[in-house]
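Below is one structure, written out as structure tokens, with a few remarks after it.
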Amino acid sequence: MLEYNHREIEEKWQKFWAENKTFKCEVDHSKPKYYVLDMFPYPSGAGLHVGHPLGYIASDIYSRYKRLKGFNVLHPMGFDAHGLPAEQHAIDTGTHPAITTDKNIKRYREQLDRIGFSYDWDREVRTSDPQYYKWTQWTFIQLFKHWYNKKTDKAETIEDLVKEFETKGNAETVAVVTPYWYKSIDKNLFPFEEDRDGVFTADEWKDMTEKQKQEMLMNYRLAYLSDTMVNWCSALGTVLANDEVKDCFSERGGHPVERKLMKQWSLRVSAYAQRLLDGLDKIDWFESLKEMQRYWIGRSEGGSVFFRIKGFEDKLEVFTTRPDTLWGATFMVLAPEHELVEKITTPDRKEAVKKYVEWAKNRSERERQAETKKITGEFTGAYGINPVNGEKIPIWIADYVLTGYGTGAIMAVPAHDSRDFAFARNFNLPIIQVVVKEGEEPTDTQTWEDSYDAKEGKMINSGFINELDVKDAIKATIKYLEENELGYGTVNYRLRDAIFSRQRYWGEPFPIYYKDGMPYALDESKLPLELPEVDKYLPTRTGEPPLARAENWVTEDGYPLETNTMPGFAGSSGYYLRYMDSRNDKEYFSREANEYWRDIDLYLGGDEHATGHLIYSRFWNMFLYDLGLVCEEEPFKKLINQGKIQGRSSFVYRKNGTNEFVSYNLRKNYDTTRLHVDINLVDNDVLDIDAFRKWRPEFKNAGFILEDGKYICGWEIEKMSKSKHNVQNPDDLIEKYGADTFRMYEMFLGPLENHKPWDTKGIEGVYRFIKKLWRLFYDEKGKLIVNDKQPNEKELKVLHQTIRKIQEDIERFSFNTAVSQFMICVNELTDLKCHKKEILEKLVILISPYAPHIAEELWSVLGNEPGISYVAFPEFNEEYIKENIFEYPVSFNGKMRFKLELPVDMPKDEIEKAVLAEEKSQKYIAGKQVRKVIIVPKKIINVVV
RNA sequence: GCGGAUGUGGCGGAAUUGGUAGACGCGCCAGACUUAGGAUCUGGUGCCGCAAGGCGUGGGGGUUCGAGUCCCUUCAUCCGCACCA
């Protein structure tokens, strides 16, 4: 071959890999397994830009490296194919989302194939494929048929629960249930007395009708149907998850979102809160990501306290992290939405309270966020009784108390909580100090400017816990509350159950039908329940989801099927398990496959999934673990978040009111407007004026004010987006430079996890490097110049330095520094005029994970059988990099002054003599006394004078 | 406000355990080849200074023979959360 021709080489080897199924992998007990996974993409219509493949390249390099190291590597890819854009497109154009999705996947696949990834495509999954979502539906049925037993701390079958009810009722059952489910229960259906708190006997259970039993079990199921306050987006006709809503508008589309009560399927993720929290300590993720999850789970320890309400039978349950401050509780606050507000409000306060509740309800989240400092509230006229001292304290309502957290009611301790303090000051409520800092005296709270948020100190004004310090006081108070049945110690979590219903078409149908108004799971043999055809992808006129449009959307027996579909995270929660055995049509995956592949050794993806996918998948996996289906409780052993690649936008400056453009450094002399210009028209910040004039009709006759005969553009780092005209797509770059250059350059940009700007110019440096590598094999005339001569010391040294560095760098995911080392190695071999097969062969293996196409080509050029993917990674040999002499940097008082070559085995005292004897040293000693000479062998020499 | 991360040349970044700061690449400068260069090759390139030398890892302070690296303090930027009881 005359010259390096990436097009020819890359096409040739991509074909070779595909035809030979080089990367097909199977369970193989003779080799250790390694599972490398990329977060699978949603195939959008725009195709890939240079930011998308960053993580895929890194994981591909790692996979190829692990193969060379003798591992059996599972490295699959697939598509998260359900989603809003395809559905939106269907609504707009009538094209079935499946068609759009297939088209987009095809395009993604072409783009991915051109980059030379070593995926086992035989294992591809698509979440929208019935053969895949069969198992999503299957898992949902299992969730529906299980409950969470707190005694055994795992999921157990509803069947067993029913047996327990039949023999003992539910008095002894300790389950994770919907809080206060018995309060919202249909009183006509269950004539329980108020203080029964939902407890029933075995006889009562047996006397229940089928419908009553089903209603009751719903409070226990891990997938359950309940009235839920949801984020309703009427423009989309659907409910959105909290993380799909930004500032009261839908993240996709930007439509307004309101709070609304609806019957929704939910997953009882909260049952797993503690295990999800504990699991974080066992996995190797970035600390920042773990912190985000910890915060999301939001564990807080404290106590629940019951307050009687004067004149009522009802009690208010309140959660507090500081039961010790109970004596300082001078009022209570309920959320405006609290169920008891209406009941307890006194007639004289009715109007004011009603007005406030109305106002708070109609306030958007955005308003509430913007006005966090504004203090509002209203007195209900009712009083609670402080259980520890019998004090009568007023009950207020205020929107700083949230319905969704704790019980929607708090005891306010103004002296030691800043919000309570502000509230008390605003409404002139008493403030009692109950904690005093060690060694200080209590002061008059009237003089305070802020609360004392005391995490430590001694208790005062607090009855029997006086003099105790905070920690002991908390324990003592809880003990007292429990003994007197006034409360109990407890743990509260912020994590909420996941709403699992969407009023959408393009998602998994629920395997659920309704009989007598109650939901039942389809028989597993009926799966997959395929998505039906509809005439339109919109809600019905009565507001029902699109599936309600389907004809005959009923079971064989004529029972109506559920019309909601599952949300986006349904299909992605267990996809990594399906890859293990993705063509299995009998089960989700075989036991054998799961016991071999176990878990993901390396998971790569963006940090935008920190609290969505990465929590739901862990939950999904833990549930399957409880069922004994998977053998690892945590699915993602190590996880790396790759950074985003930002765009580098270019700008031109138009003189206002004209069609004349001013070069960057002259723009300040004029009134100008900055406009984004397509980065393809700019090279090295110089605008191609002719191309610019052709770019858009309105610039056809544009005039220019130049500097040095050139038009210089301004630039800025921004998000890569079409509207900013700064999108780089991989296809163009691969066409011009080849996939190998593209892969290496993406890695060379900087550390994987950093966000970094895309610099189009820099890729040429890597391209030069690849061509330089080629020239170690071929001269300018295209003649092969590789020889069989024995390598010399210098050549072996640089090779083995490279072997060591590449290995170390890949192991610590430092791909950018590895690329540098390849450059150093090739530069040195070029300088040494080394064309020796023995050296080059090893180098080609080293580089094959990074630049697999050229590596395969050169490997076969050297006379090897094609197929570099499964050869052995070169062994590092220390002998070759050993040095006899070391060039010591010699410092005086810590400043490096000159270098001195000395034998590595020279004893310290001789080194000292040699240094002091050195002529150059005299200058820096300059008659002063040498106080100390520090010698670190093979590192430095420091002379202290 | 809380939590996390990051600050090193003109730019991306390197320095893995406290031991030669700026590897490697871009850009820039000079030169060679060339009809030409936005091709290729060679050399130079942290800053100030003619030089000797001095100054340099956001700022200030400390520990140490020696600090980009450790400690204290402060500033800036980015990300996440945001009345969480």
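By convention in this document, the chains of the structure tokens carry letters A, B, ... by their order, each chain's residues are numbered from 1, and ligands are numbered from 1 in the order they are shown.
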Write out as a ChimeraX atom specification which residues come within 10 Å of A:Gly463 when counting only C-alpha atoms (C1' of nucleotides), dropping same-chain ones fewer than 3 positions away. /A:327,388-389,459-460,466-467
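Within stretch 375-482 of chain A, residues classed as alpha helix (DSSP H) by DSSP on backbone coordinates are Ser418, Arg419, Asp420, Phe421, Ala422, Phe423, Ala424, Arg425, Asn426, Phe427, Val470, Lys471, Asp472, Ala473, Ile474, Lys475, Ala476, Thr477, Ile478, Lys479, Tyr480, Leu481 and Glu482 of chain A.
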Expected file: the selected residues, N, CA and C atoms, as an mmCIF file, in the first residue's frame:
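The resulting file, again_16.cif, is shown below:
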data_model
loop_
_atom_site.group_PDB
_atom_site.id
_atom_site.type_symbol
_atom_site.label_atom_id
_atom_site.label_comp_id
_atom_site.auth_asym_id
_atom_site.auth_seq_id
_atom_site.Cartn_x
_atom_site.Cartn_y
_atom_site.Cartn_z
ATOM 1 N N SER A 418 -33.991 27.473 62.434
ATOM 2 C CA SER A 418 -34.013 28.817 61.871
ATOM 3 C C SER A 418 -35.356 29.161 61.215
ATOM 4 N N ARG A 419 -36.017 28.177 60.575
ATOM 5 C CA ARG A 419 -37.295 28.497 59.947
ATOM 6 C C ARG A 419 -38.369 28.729 61.001
ATOM 7 N N ASP A 420 -38.352 27.841 62.021
ATOM 8 C CA ASP A 420 -39.318 27.996 63.105
ATOM 9 C C ASP A 420 -39.098 29.333 63.812
ATOM 10 N N PHE A 421 -37.834 29.715 63.939
ATOM 11 C CA PHE A 421 -37.492 30.973 64.596
ATOM 12 C C PHE A 421 -38.089 32.151 63.827
ATOM 13 N N ALA A 422 -37.865 32.147 62.527
ATOM 14 C CA ALA A 422 -38.371 33.238 61.690
ATOM 15 C C ALA A 422 -39.891 33.299 61.774
ATOM 16 N N PHE A 423 -40.497 32.122 61.773
ATOM 17 C CA PHE A 423 -41.954 32.044 61.832
ATOM 18 C C PHE A 423 -42.477 32.619 63.157
ATOM 19 N N ALA A 424 -41.807 32.219 64.232
ATOM 20 C CA ALA A 424 -42.208 32.663 65.566
ATOM 21 C C ALA A 424 -42.083 34.180 65.687
ATOM 22 N N ARG A 425 -40.989 34.704 65.175
ATOM 23 C CA ARG A 425 -40.774 36.154 65.246
ATOM 24 C C ARG A 425 -41.838 36.896 64.469
ATOM 25 N N ASN A 426 -42.144 36.358 63.296
ATOM 26 C CA ASN A 426 -43.100 37.010 62.422
ATOM 27 C C ASN A 426 -44.488 37.056 63.047
ATOM 28 N N PHE A 427 -44.866 35.974 63.741
ATOM 29 C CA PHE A 427 -46.223 35.895 64.283
ATOM 30 C C PHE A 427 -46.248 36.024 65.804
ATOM 31 N N VAL A 470 -26.943 16.673 74.315
ATOM 32 C CA VAL A 470 -27.929 16.435 73.256
ATOM 33 C C VAL A 470 -28.103 14.952 72.917
ATOM 34 N N LYS A 471 -26.969 14.284 72.679
ATOM 35 C CA LYS A 471 -27.040 12.877 72.272
ATOM 36 C C LYS A 471 -27.805 12.018 73.280
ATOM 37 N N ASP A 472 -27.452 12.154 74.534
ATOM 38 C CA ASP A 472 -28.103 11.347 75.569
ATOM 39 C C ASP A 472 -29.551 11.774 75.768
ATOM 40 N N ALA A 473 -29.780 13.069 75.599
ATOM 41 C CA ALA A 473 -31.135 13.593 75.769
ATOM 42 C C ALA A 473 -32.072 13.000 74.724
ATOM 43 N N ILE A 474 -31.578 12.837 73.499
ATOM 44 C CA ILE A 474 -32.406 12.247 72.447
ATOM 45 C C ILE A 474 -32.796 10.825 72.847
ATOM 46 N N LYS A 475 -31.795 10.069 73.283
ATOM 47 C CA LYS A 475 -32.060 8.676 73.687
ATOM 48 C C LYS A 475 -33.052 8.612 74.836
ATOM 49 N N ALA A 476 -32.822 9.462 75.831
ATOM 50 C CA ALA A 476 -33.678 9.440 77.018
ATOM 51 C C ALA A 476 -35.113 9.812 76.654
ATOM 52 N N THR A 477 -35.263 10.788 75.783
ATOM 53 C CA THR A 477 -36.609 11.215 75.407
ATOM 54 C C THR A 477 -37.342 10.109 74.659
ATOM 55 N N ILE A 478 -36.630 9.475 73.723
ATOM 56 C CA ILE A 478 -37.278 8.401 72.968
ATOM 57 C C ILE A 478 -37.718 7.280 73.910
ATOM 58 N N LYS A 479 -36.852 6.951 74.839
ATOM 59 C CA LYS A 479 -37.175 5.892 75.791
ATOM 60 C C LYS A 479 -38.448 6.255 76.574
ATOM 61 N N TYR A 480 -38.493 7.520 77.001
ATOM 62 C CA TYR A 480 -39.654 8.002 77.753
ATOM 63 C C TYR A 480 -40.928 7.936 76.901
ATOM 64 N N LEU A 481 -40.806 8.392 75.647
ATOM 65 C CA LEU A 481 -41.973 8.393 74.754
ATOM 66 C C LEU A 481 -42.488 6.974 74.526
ATOM 67 N N GLU A 482 -41.563 6.060 74.354
ATOM 68 C CA GLU A 482 -41.962 4.677 74.086
ATOM 69 C C GLU A 482 -42.616 4.053 75.308
#
Near A:Phe286, counting only C-alpha atoms (C1' of nucleotides), which residues have an atom at most 10 Å away, once you skip same-chain residues fewer than 5 positions from it, shown as a VMD selection string? chain A and resid 291 638 to 641 753
Using N, CA, C and O atoms, can you write the selected residues to a file as a PDB file, in the first residue's frame?
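Dumped to part25.pdb:
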ATOM      1  N   GLU A 291     -23.012  10.417  46.914  1.00  0.00           N
ATOM      2  CA  GLU A 291     -23.585  11.465  47.751  1.00  0.00           C
ATOM      3  C   GLU A 291     -24.960  11.872  47.224  1.00  0.00           C
ATOM      4  O   GLU A 291     -25.891  12.077  47.989  1.00  0.00           O
ATOM      5  N   LYS A 638     -18.499  -1.290  39.420  1.00  0.00           N
ATOM      6  CA  LYS A 638     -17.738  -0.057  39.242  1.00  0.00           C
ATOM      7  C   LYS A 638     -18.419   0.790  38.189  1.00  0.00           C
ATOM      8  O   LYS A 638     -18.853   0.274  37.160  1.00  0.00           O
ATOM      9  N   LEU A 639     -18.503   2.067  38.471  1.00  0.00           N
ATOM     10  CA  LEU A 639     -19.187   2.951  37.534  1.00  0.00           C
ATOM     11  C   LEU A 639     -18.369   4.211  37.308  1.00  0.00           C
ATOM     12  O   LEU A 639     -17.818   4.788  38.248  1.00  0.00           O
ATOM     13  N   ILE A 640     -18.270   4.590  36.053  1.00  0.00           N
ATOM     14  CA  ILE A 640     -17.575   5.837  35.725  1.00  0.00           C
ATOM     15  C   ILE A 640     -18.515   6.723  34.923  1.00  0.00           C
ATOM     16  O   ILE A 640     -19.164   6.262  33.990  1.00  0.00           O
ATOM     17  N   ASN A 641     -18.584   7.978  35.325  1.00  0.00           N
ATOM     18  CA  ASN A 641     -19.354   8.944  34.548  1.00  0.00           C
ATOM     19  C   ASN A 641     -18.418   9.659  33.598  1.00  0.00           C
ATOM     20  O   ASN A 641     -17.487  10.317  34.039  1.00  0.00           O
ATOM     21  N   GLU A 753     -13.545  11.638  32.744  1.00  0.00           N
ATOM     22  CA  GLU A 753     -14.659  12.131  33.550  1.00  0.00           C
ATOM     23  C   GLU A 753     -14.843  13.646  33.463  1.00  0.00           C
ATOM     24  O   GLU A 753     -15.840  14.179  33.911  1.00  0.00           O
TER      25      GLU A 753
END
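Using only C-alpha atoms (C1' of nucleotides), the part of chain A that sits within 6 Å of chain B is made up of Ser288, Thr320, Tyr400, Ile410, Gly762, Ser820, Pro889, Gly894 and Ile940 of chain A.
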Let's have the selection written as a compact mmCIF listing (two decimals), in the first residue's frame, with N, CA, C and O atoms.
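Just written: again_8.txt:
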# COMPACT_ATOMS: atom_id res chain seq x y z
N SER A 288 -19.11 11.64 44.50
CA SER A 288 -20.14 12.66 44.25
C SER A 288 -21.46 12.01 43.86
O SER A 288 -22.53 12.47 44.26
N THR A 320 -39.66 14.09 64.14
CA THR A 320 -38.61 15.05 64.46
C THR A 320 -37.27 14.34 64.58
O THR A 320 -37.20 13.21 65.06
N TYR A 400 -44.45 26.19 54.45
CA TYR A 400 -43.07 25.70 54.58
C TYR A 400 -43.05 24.26 55.09
O TYR A 400 -42.02 23.61 55.08
N ILE A 410 -45.43 19.34 61.77
CA ILE A 410 -44.21 19.43 62.58
C ILE A 410 -44.52 20.03 63.94
O ILE A 410 -45.53 20.71 64.13
N GLY A 762 -7.28 20.22 16.96
CA GLY A 762 -6.36 19.31 17.62
C GLY A 762 -6.29 17.92 17.00
O GLY A 762 -5.29 17.22 17.12
N SER A 820 -0.59 9.90 24.85
CA SER A 820 0.69 10.63 24.88
C SER A 820 1.87 9.67 24.81
O SER A 820 2.85 9.92 24.11
N PRO A 889 18.97 15.64 39.59
CA PRO A 889 18.79 17.09 39.69
C PRO A 889 19.41 17.54 41.02
O PRO A 889 19.08 16.98 42.07
N GLY A 894 16.58 23.79 47.93
CA GLY A 894 15.32 23.45 47.28
C GLY A 894 15.18 23.98 45.87
O GLY A 894 14.16 23.75 45.23
N ILE A 940 16.45 12.80 43.90
CA ILE A 940 17.01 14.15 43.93
C ILE A 940 18.20 14.24 44.90
O ILE A 940 18.42 13.37 45.75
If we count only C-alpha atoms (C1' of nucleotides), what is near A:Met262 at a cut-off of 9 Å, once residues fewer than 2 positions away on the same chain are taken out, given as a ChimeraX atom specification? /A:226-230,232,260,264
